[in-house]
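Shown below: model.txt, with compact mmCIF, C-alpha atoms and all ligand atoms.
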```
# COMPACT_ATOMS: atom_id res chain seq x y z
CA MET A 843 7.52 24.49 -16.45
CA THR A 844 5.29 21.94 -14.80
CA SER A 845 3.39 22.67 -11.61
CA LEU A 846 3.49 19.73 -9.29
CA ASN A 847 0.55 18.52 -7.28
CA VAL A 848 0.65 19.42 -3.63
CA ARG A 849 -1.45 17.88 -0.89
CA PRO A 850 -3.30 20.28 1.45
CA GLU A 851 -0.83 19.62 4.24
CA ASP A 852 2.02 20.98 2.18
CA SER A 853 0.10 23.66 0.38
CA GLU A 854 2.00 26.46 2.07
CA LYS A 855 4.60 25.91 -0.58
CA THR A 856 3.88 25.20 -4.23
CA ILE A 857 6.77 23.38 -5.81
CA VAL A 858 7.57 24.14 -9.41
CA CYS A 859 9.53 21.78 -11.60
CA ASP A 860 11.90 23.59 -13.92
CA THR A 861 14.08 20.72 -15.00
CA ILE A 862 12.06 18.65 -17.40
CA THR A 863 8.48 18.31 -18.54
CA LEU A 864 6.55 15.17 -19.26
CA SER A 865 6.25 15.94 -22.96
CA GLU A 866 10.03 16.34 -23.08
CA TRP A 867 10.80 12.95 -21.61
CA VAL A 868 8.09 11.37 -23.66
CA THR A 869 9.68 12.74 -26.83
CA GLY A 870 13.11 11.70 -25.54
CA ARG A 871 14.99 14.97 -26.02
CA SER A 872 18.22 15.13 -24.08
CA HIS A 873 18.70 17.35 -21.07
CA SER A 874 21.49 18.51 -18.88
CA TYR A 875 21.03 18.69 -15.14
CA PRO A 876 22.68 20.87 -12.56
CA GLU A 877 25.13 18.85 -10.48
CA SER A 878 23.09 19.56 -7.37
CA ASN A 879 20.37 17.17 -8.52
CA GLN A 880 20.37 13.88 -6.62
CA VAL A 881 20.81 10.66 -8.54
CA VAL A 882 19.42 7.40 -7.20
CA ALA A 883 19.89 3.89 -8.54
CA HIS A 884 16.81 1.90 -9.40
CA ARG A 885 17.29 -1.54 -10.99
CA GLY A 886 20.66 -0.60 -12.41
CA ILE A 887 19.50 2.71 -13.86
CA ASN A 888 20.68 6.05 -12.52
CA VAL A 889 17.61 8.18 -12.04
CA THR A 890 18.03 11.93 -11.68
CA LEU A 891 15.52 13.61 -9.40
CA PRO A 892 14.04 16.98 -10.30
CA LEU A 893 15.93 19.91 -8.83
CA GLN A 894 13.26 20.97 -6.34
CA VAL A 895 12.99 17.43 -4.94
CA SER A 896 16.78 17.38 -4.51
CA ALA A 897 16.66 20.83 -2.98
CA GLU A 898 13.93 19.99 -0.47
CA TYR A 899 14.70 16.42 0.56
CA THR A 900 17.71 14.36 1.56
CA ILE A 901 17.73 10.69 0.62
CA GLN A 902 19.16 8.26 3.16
CA THR A 903 18.57 4.51 3.48
CA LYS A 904 17.05 2.32 0.75
CA LEU A 905 13.90 0.73 2.17
CA ALA A 906 12.94 -1.58 -0.65
CA SER A 907 13.71 -2.46 -4.20
CA GLY A 908 11.04 -4.30 -6.14
CA THR A 909 9.89 -4.96 -9.68
CA PHE A 910 7.92 -1.74 -9.80
CA GLY A 911 9.99 0.65 -7.79
CA SER A 912 12.66 1.49 -5.26
CA VAL A 913 11.76 3.25 -2.03
CA PHE A 914 14.14 5.36 0.04
CA TYR A 915 13.93 6.77 3.54
CA GLY A 916 14.59 10.51 3.50
CA GLU A 917 13.94 13.78 5.26
CA LYS A 918 12.53 17.14 4.36
CA LYS A 919 15.54 19.39 4.92
CA SER A 920 13.68 22.37 6.40
CA THR A 921 11.71 20.40 9.03
CA SER A 922 13.61 17.08 9.36
CA ARG A 923 10.23 15.46 8.79
CA PRO A 924 10.78 11.87 7.58
CA VAL A 925 9.53 10.93 4.11
CA ALA A 926 9.46 7.84 1.91
CA ILE A 927 10.64 8.57 -1.63
CA LYS A 928 9.42 6.08 -4.20
CA ILE A 929 10.91 5.87 -7.69
CA VAL A 930 8.91 3.95 -10.29
CA GLU A 931 9.80 3.19 -13.88
CA ALA A 932 7.22 5.00 -16.02
CA SER A 933 6.58 1.94 -18.17
CA MET A 934 5.54 0.03 -15.02
CA ALA A 935 2.99 2.58 -13.86
CA LYS A 936 -0.43 3.12 -15.39
CA THR A 937 -1.26 6.74 -16.07
CA VAL A 938 -4.60 8.52 -16.22
CA LEU A 939 -5.71 12.01 -17.12
CA TYR A 940 -6.28 13.86 -13.85
CA ASN A 941 -7.28 17.52 -13.97
CA GLY A 942 -6.32 17.44 -17.64
CA LYS A 943 -2.79 16.24 -16.92
CA LYS A 944 -1.16 12.85 -17.50
CA THR A 945 -0.79 11.52 -13.97
CA PRO A 946 0.41 8.20 -12.53
CA LYS A 947 -2.68 6.35 -11.37
CA GLU A 948 -1.25 5.86 -7.88
CA ALA A 949 -1.05 9.65 -7.48
CA ALA A 950 -4.41 10.36 -9.12
CA LEU A 951 -6.26 7.96 -6.82
CA LEU A 952 -4.54 9.20 -3.68
CA GLN A 953 -5.30 12.80 -4.60
CA LYS A 954 -8.95 11.95 -5.21
CA ILE A 955 -9.48 10.29 -1.84
CA PRO A 956 -9.88 12.60 1.17
CA LEU A 957 -7.12 12.16 3.77
CA HIS A 958 -7.62 9.35 6.26
CA PRO A 959 -5.50 8.49 9.35
CA ASN A 960 -4.99 4.92 8.08
CA ILE A 961 -4.06 5.80 4.50
CA ILE A 962 -0.63 7.08 3.60
CA ASN A 963 -0.44 10.73 2.62
CA LEU A 964 1.09 11.54 -0.73
CA ILE A 965 2.93 14.83 -0.27
CA ASP A 966 4.07 15.34 -3.84
CA TRP A 967 5.01 13.65 -7.07
CA ALA A 968 7.05 14.59 -10.11
CA GLU A 969 8.75 13.29 -13.20
CA ALA A 970 12.32 12.07 -12.88
CA TYR A 971 14.77 11.38 -15.66
CA PRO A 972 14.91 9.11 -17.62
CA LYS A 973 11.24 8.11 -17.74
CA HIS A 974 10.57 7.56 -14.07
CA TRP A 975 8.07 8.91 -11.59
CA VAL A 976 9.08 10.05 -8.14
CA PHE A 977 6.55 10.11 -5.31
CA ILE A 978 7.13 11.75 -1.92
CA PHE A 979 5.05 10.11 0.81
CA GLU A 980 4.90 10.82 4.51
CA TYR A 981 7.10 8.20 6.19
CA HIS A 982 5.25 6.02 8.69
CA GLY A 983 7.16 3.58 10.83
CA TYR A 984 9.86 3.10 13.41
CA GLY A 985 12.23 5.74 12.04
CA GLN A 986 15.80 5.78 10.90
CA ASP A 987 17.13 3.11 13.27
CA LYS A 988 14.62 0.55 12.04
CA PRO A 989 13.16 2.06 8.87
CA LYS A 990 11.52 -1.10 7.47
CA SER A 991 8.22 -1.14 9.23
CA THR A 992 5.63 -3.12 7.29
CA LEU A 993 3.33 -5.54 9.07
CA ARG A 994 5.39 -8.31 7.46
CA HIS A 995 8.55 -7.07 9.21
CA TYR A 996 6.64 -6.44 12.43
CA LEU A 997 5.14 -9.95 12.52
CA ARG A 998 8.49 -11.52 11.70
CA ASP A 999 10.10 -9.71 14.66
CA ILE A 1000 7.26 -10.72 16.97
CA ALA A 1001 7.42 -14.35 15.82
CA ARG A 1002 11.19 -14.35 16.51
CA SER A 1003 10.86 -12.88 19.97
CA ARG A 1004 7.69 -14.65 21.14
CA GLY A 1005 7.66 -17.75 18.97
CA GLN A 1006 4.10 -16.98 17.87
CA GLY A 1007 1.90 -14.33 16.24
CA LEU A 1008 -0.13 -11.48 17.71
CA THR A 1009 -2.48 -11.58 20.64
CA GLU A 1010 -6.15 -11.14 19.95
CA ASN A 1011 -6.16 -7.57 21.25
CA GLU A 1012 -3.21 -6.63 19.03
CA ALA A 1013 -4.89 -8.20 16.00
CA ARG A 1014 -8.15 -6.40 16.81
CA ASN A 1015 -6.36 -3.06 16.93
CA ILE A 1016 -4.74 -3.67 13.54
CA MET A 1017 -7.85 -5.07 11.84
CA ARG A 1018 -10.00 -2.16 13.08
CA GLN A 1019 -7.64 0.29 11.40
CA LEU A 1020 -7.24 -1.75 8.23
CA LEU A 1021 -11.00 -2.12 7.86
CA ALA A 1022 -11.48 1.61 8.50
CA ALA A 1023 -9.02 2.35 5.66
CA CYS A 1024 -10.80 -0.07 3.29
CA SER A 1025 -14.22 1.28 4.22
CA HIS A 1026 -13.03 4.83 3.49
CA LEU A 1027 -11.62 3.75 0.12
CA GLU A 1028 -14.80 1.87 -0.78
CA LYS A 1029 -16.89 4.91 0.11
CA HIS A 1030 -14.90 6.80 -2.50
CA GLY A 1031 -15.19 4.06 -5.10
CA VAL A 1032 -11.68 2.64 -4.75
CA TYR A 1033 -10.33 -0.84 -3.97
CA HIS A 1034 -6.70 -1.09 -2.94
CA GLY A 1035 -6.08 -4.08 -5.20
CA ASP A 1036 -2.96 -5.39 -3.45
CA LEU A 1037 -3.83 -5.85 0.21
CA LYS A 1038 -1.08 -7.74 2.02
CA LEU A 1039 1.17 -7.47 5.06
CA GLY A 1040 3.93 -5.82 2.98
CA ASN A 1041 1.60 -2.98 2.00
CA VAL A 1042 0.71 -1.90 5.53
CA VAL A 1043 3.12 0.11 7.66
CA ILE A 1044 3.02 0.34 11.45
CA ASN A 1045 4.63 2.72 13.94
CA PRO A 1046 5.70 2.12 17.57
CA GLU A 1047 2.27 3.31 18.83
CA GLY A 1048 0.60 0.49 16.86
CA ASN A 1049 -0.99 2.87 14.33
CA ILE A 1050 -1.12 1.48 10.82
CA LYS A 1051 -1.36 3.04 7.36
CA LEU A 1052 -2.12 1.45 4.02
CA ILE A 1053 0.54 2.09 1.35
CA ASP A 1054 1.18 1.15 -2.31
CA PHE A 1055 -1.76 2.12 -4.47
CA GLY A 1056 0.01 1.03 -7.67
CA LEU A 1057 -2.61 -1.65 -8.36
CA ALA A 1058 -5.66 0.11 -6.93
CA VAL A 1059 -8.82 0.02 -8.99
CA GLU A 1060 -11.81 2.29 -9.28
CA VAL A 1061 -15.26 0.79 -9.22
CA GLU A 1062 -16.54 2.71 -12.22
CA ARG A 1063 -13.67 1.35 -14.28
CA GLY A 1064 -14.99 -2.18 -13.86
CA LEU A 1065 -13.66 -5.28 -12.28
CA GLY A 1066 -9.97 -5.71 -11.72
CA ARG A 1067 -7.32 -7.55 -9.78
CA THR A 1068 -7.44 -7.60 -6.06
CA GLY A 1069 -4.88 -8.87 -3.60
CA SER A 1070 -1.76 -10.99 -3.89
CA ILE A 1071 -3.67 -13.73 -2.13
CA PHE A 1072 -6.50 -14.45 -4.53
CA PRO A 1073 -9.95 -15.63 -3.45
CA PRO A 1074 -11.30 -18.79 -5.12
CA GLU A 1075 -13.61 -16.96 -7.55
CA MET A 1076 -10.64 -15.17 -9.13
CA TYR A 1077 -9.41 -18.47 -10.52
CA ASP A 1078 -12.55 -18.71 -12.68
CA TYR A 1079 -10.85 -16.50 -15.20
CA CYS A 1080 -13.84 -15.86 -17.47
CA ILE A 1081 -16.47 -15.24 -14.82
CA PRO A 1082 -16.77 -11.73 -13.42
CA TYR A 1083 -16.53 -11.43 -9.67
CA GLU A 1084 -17.46 -8.76 -7.15
CA LEU A 1085 -14.58 -6.67 -5.88
CA SER A 1086 -16.23 -5.97 -2.54
CA THR A 1087 -16.62 -9.64 -1.52
CA ALA A 1088 -13.29 -10.62 -3.11
CA GLN A 1089 -11.69 -7.99 -0.89
CA ILE A 1090 -13.43 -9.44 2.18
CA TRP A 1091 -11.74 -12.78 1.45
CA VAL A 1092 -8.32 -11.11 1.10
CA LEU A 1093 -8.89 -9.22 4.36
CA GLY A 1094 -9.78 -12.55 5.98
CA ALA A 1095 -6.48 -13.99 4.76
CA VAL A 1096 -4.54 -11.02 6.19
CA PHE A 1097 -6.50 -11.38 9.46
CA TYR A 1098 -5.45 -15.05 9.67
CA GLN A 1099 -1.81 -14.13 8.96
CA LEU A 1100 -1.75 -11.86 12.01
CA PHE A 1101 -2.00 -15.01 14.13
CA GLU A 1102 -0.26 -17.59 12.01
CA ALA A 1103 2.13 -15.59 9.76
CA THR A 1104 1.33 -17.92 6.81
CA ASN A 1105 -1.43 -18.07 4.23
CA PRO A 1106 -4.59 -19.78 5.43
CA PHE A 1107 -4.69 -22.19 2.45
CA HIS A 1108 -2.37 -23.51 -0.24
CA GLU A 1109 -3.04 -22.16 -3.70
CA GLU A 1110 -4.07 -25.60 -5.00
CA ARG A 1111 -6.78 -25.82 -2.39
CA ILE A 1112 -8.02 -22.34 -3.22
CA LYS A 1113 -8.13 -23.20 -6.93
CA SER A 1114 -10.05 -26.39 -6.28
CA LYS A 1115 -12.42 -24.51 -3.94
CA ALA A 1116 -12.02 -27.20 -1.31
CA LEU A 1117 -11.23 -24.91 1.58
CA GLY A 1118 -13.00 -26.13 4.68
CA PRO A 1119 -12.47 -24.39 8.03
CA VAL A 1120 -9.18 -22.58 8.68
CA MET A 1121 -6.63 -24.38 10.87
CA PHE A 1122 -4.81 -22.69 13.75
CA ASN A 1123 -1.79 -23.67 15.76
CA ARG A 1124 -3.37 -24.97 18.93
CA TYR A 1125 -0.98 -22.96 21.10
CA ASN A 1126 -2.08 -19.67 19.58
CA ARG A 1127 -5.69 -20.34 18.66
CA PRO A 1128 -7.81 -17.20 19.08
CA SER A 1129 -11.27 -17.26 20.69
CA ASN A 1130 -14.12 -19.10 18.97
CA GLU A 1131 -15.76 -15.78 18.10
CA CYS A 1132 -12.61 -14.63 16.30
CA VAL A 1133 -12.13 -17.94 14.47
CA GLU A 1134 -15.78 -17.85 13.43
CA LEU A 1135 -15.34 -14.36 11.93
CA ILE A 1136 -12.18 -15.36 10.02
CA ASP A 1137 -13.94 -18.49 8.75
CA TRP A 1138 -16.90 -16.41 7.62
CA MET A 1139 -14.66 -14.00 5.68
CA LEU A 1140 -12.89 -16.95 4.00
CA LYS A 1141 -15.99 -18.74 2.71
CA VAL A 1142 -15.66 -20.15 -0.81
CA GLU A 1143 -18.94 -18.68 -1.96
CA PRO A 1144 -18.71 -14.87 -2.13
CA ASN A 1145 -22.35 -14.46 -1.08
CA HIS A 1146 -21.76 -16.54 2.06
CA ARG A 1147 -19.17 -14.02 3.31
CA PRO A 1148 -19.92 -10.73 5.11
CA GLN A 1149 -21.17 -8.56 2.25
CA SER A 1150 -19.32 -5.38 3.21
CA VAL A 1151 -16.38 -4.11 5.21
CA ASN A 1152 -18.84 -2.39 7.53
CA ARG A 1153 -20.56 -5.71 8.21
CA VAL A 1154 -17.18 -7.08 9.36
CA ILE A 1155 -16.59 -4.04 11.56
CA SER A 1156 -20.00 -4.52 13.21
CA HIS A 1157 -19.23 -8.15 14.14
CA GLY A 1158 -19.43 -8.81 17.89
CA TRP A 1159 -15.70 -9.63 18.11
CA PHE A 1160 -14.86 -5.98 17.47
CA GLY A 1161 -17.12 -4.97 20.35
CA CYS A 1162 -14.88 -6.88 22.78
CA VAL A 1163 -12.43 -4.81 24.85
N1 LIG B 1201 5.24 5.77 3.35
C1 LIG B 1201 6.03 4.78 3.74
N2 LIG B 1201 6.50 4.72 5.00
C2 LIG B 1201 7.33 3.72 5.39
N3 LIG B 1201 7.79 2.75 4.56
C3 LIG B 1201 7.36 2.76 3.28
C4 LIG B 1201 6.46 3.76 2.81
N4 LIG B 1201 6.21 3.53 1.50
C5 LIG B 1201 6.91 2.44 1.18
N5 LIG B 1201 7.60 1.97 2.23
C6 LIG B 1201 8.50 0.79 2.22
O1 LIG B 1201 8.86 0.49 0.89
C7 LIG B 1201 8.37 -0.80 0.51
C8 LIG B 1201 7.90 -0.78 -0.93
O2 LIG B 1201 6.92 0.22 -1.09
P1 LIG B 1201 5.61 -0.02 -1.96
O3 LIG B 1201 4.89 1.27 -2.07
O4 LIG B 1201 4.86 -1.18 -1.38
O5 LIG B 1201 6.24 -0.37 -3.38
P2 LIG B 1201 6.17 -1.66 -4.34
O6 LIG B 1201 5.23 -1.26 -5.41
O7 LIG B 1201 7.58 -1.84 -4.79
O8 LIG B 1201 5.67 -2.83 -3.52
C9 LIG B 1201 7.27 -1.11 1.52
O9 LIG B 1201 7.09 -2.50 1.67
C10 LIG B 1201 7.82 -0.45 2.78
O10 LIG B 1201 8.83 -1.25 3.37
MG MG B 1202 4.16 -2.99 -2.12
```
Show the structure stored in the file as structure tokens.
Ligand SMILES: Nc1ncnc2c1ncn2[C@@H]1O[C@H](COP(=O)(O)OP(=O)(O)O)[C@@H](O)[C@H]1O
Ligand SMILES: [Mg+2]
Amino acid sequence: MTSLNVRPEDSEKTIVCDTITLSEWVTGRSHSYPESNQVVAHRGINVTLPLQVSAEYTIQTKLASGTFGSVFYGEKKSTSRPVAIKIVEASMAKTVLYNGKKTPKEAALLQKIPLHPNIINLIDWAEAYPKHWVFIFEYHGYGQDKPKSTLRHYLRDIARSRGQGLTENEARNIMRQLLAACSHLEKHGVYHGDLKLGNVVINPEGNIKLIDFGLAVEVERGLGRTGSIFPPEMYDYCIPYELSTAQIWVLGAVFYQLFEATNPFHEERIKSKALGPVMFNRYNRPSNECVELIDWMLKVEPNHRPQSVNRVISHGWFGCV
């Protein structure tokens, strides 16, 4: 029997896994499952969910299928509350010892960090068979009719309907929330490690939440990757770089994408460190104050950028209505 980890929000009910234990799937002994267990396909493999996950949740639409995992839209049967169910191949997920138990790093970090309105809530996680992890997250987005709700999808829809990116006020609302999430993480010694439009979900009220902590890094564990859009200093492979200022650059790139929907620079230019000022479409160029802030965040030299997320938040542009 393995007790599963339960977030405070769901603590009225402790879920107990009686199908398979970690040590059992690590040693590879075979198991039979009751037919009531749900089976989901992830990268051609049929993954059987633990009985209590099957008993508590229904799985509906597939939201995404990537190298690391598949994510499904589902509902908690008793409350109809929407959830996102993520299945990850165990070999693709780093594990750490958390409270003396082998735990996927994504779950350990999210359990360590106090809840925040702009960070997705992990409701539960468990082992699935064969050798997969299953995570139950709160679902955040537009709901069943339009379940894919990342900023990438949102910007694509806006670009199609308006022919351009966000307005300055819309971008300010999103950046405020994204920076608040990053500041909260940093306060607890964590960097997201994969900040990008596809890892932020948005609902119809314009509230955003950061998802996908599969590549997150802890400060005390030393320097690590950050972002799919790499700052120039990360191309100097042998030279250590600061995560905090590298993250500012990545946030600057995301900020730019809110207006332009593309990366601010080609990779070759980033590698050669010949960036120069960012270019905007003249029909959707934000105010000088906004451009100045984005430029500042995207400086080649890390120590020429704002030195903290809080410094970005305190910039005059955020004081505007
Ligand atoms: N909690 C959630 N609410 C809404 N959609 C989600 C949620 N978690 C994941 N998704 C959807 O699933 C996709 C993949 O999830 P993610 O955690 O980023 O996994 P991966 O490691 O495969 O990138 C996201 O881009 C988003 O569309
Ligand atoms: Mg992702």
Need to verify the contact set: A:Gly886, 12 Å, only C-alpha atoms, exclusion of same-chain residues closer than 4 positions in sequence. Can you return it as a list in words? Val881, Val882, Ser907, Thr909, Gly911, Ser912 and Glu931 of chain A
All residues having an atom within 12 Å of ligand MG 1202 (chain B) (all atoms listed in the file) as a PyMOL selection string: chain A and resi 905-913+928+930+948+992-994+1034-1043+1052-1058+1069-1070
Option closest in space to ligand LIG 1201 (chain B), from A:Asn1105, A:Asn1045, A:Asn879, A:Asn888 [counting all atoms listed in the file]: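 Looking only at the distances to ligand LIG 1201 (chain B), the closest residue turns out to be A:Asn1045.
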Pairwise distance for atom N5 of ligand LIG 1201 (chain B) and atom CA of A:Ala1088, rounded to one decimal in Å: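 Atom-to-atom, atom N5 of ligand LIG 1201 (chain B) and atom CA of A:Ala1088 are spaced 25.0 Å apart.
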Box in all listed atoms of ligand LIG 1201 (chain B), axis-aligned, with 5 Å more on each side; write out centre and edge lengths in Å to one decimal as lines of an AutoDock Vina configuration file.
```
center_x = 6.9
center_y = 1.5
center_z = 0.0
size_x = 14.0
size_y = 18.6
size_z = 20.8
```
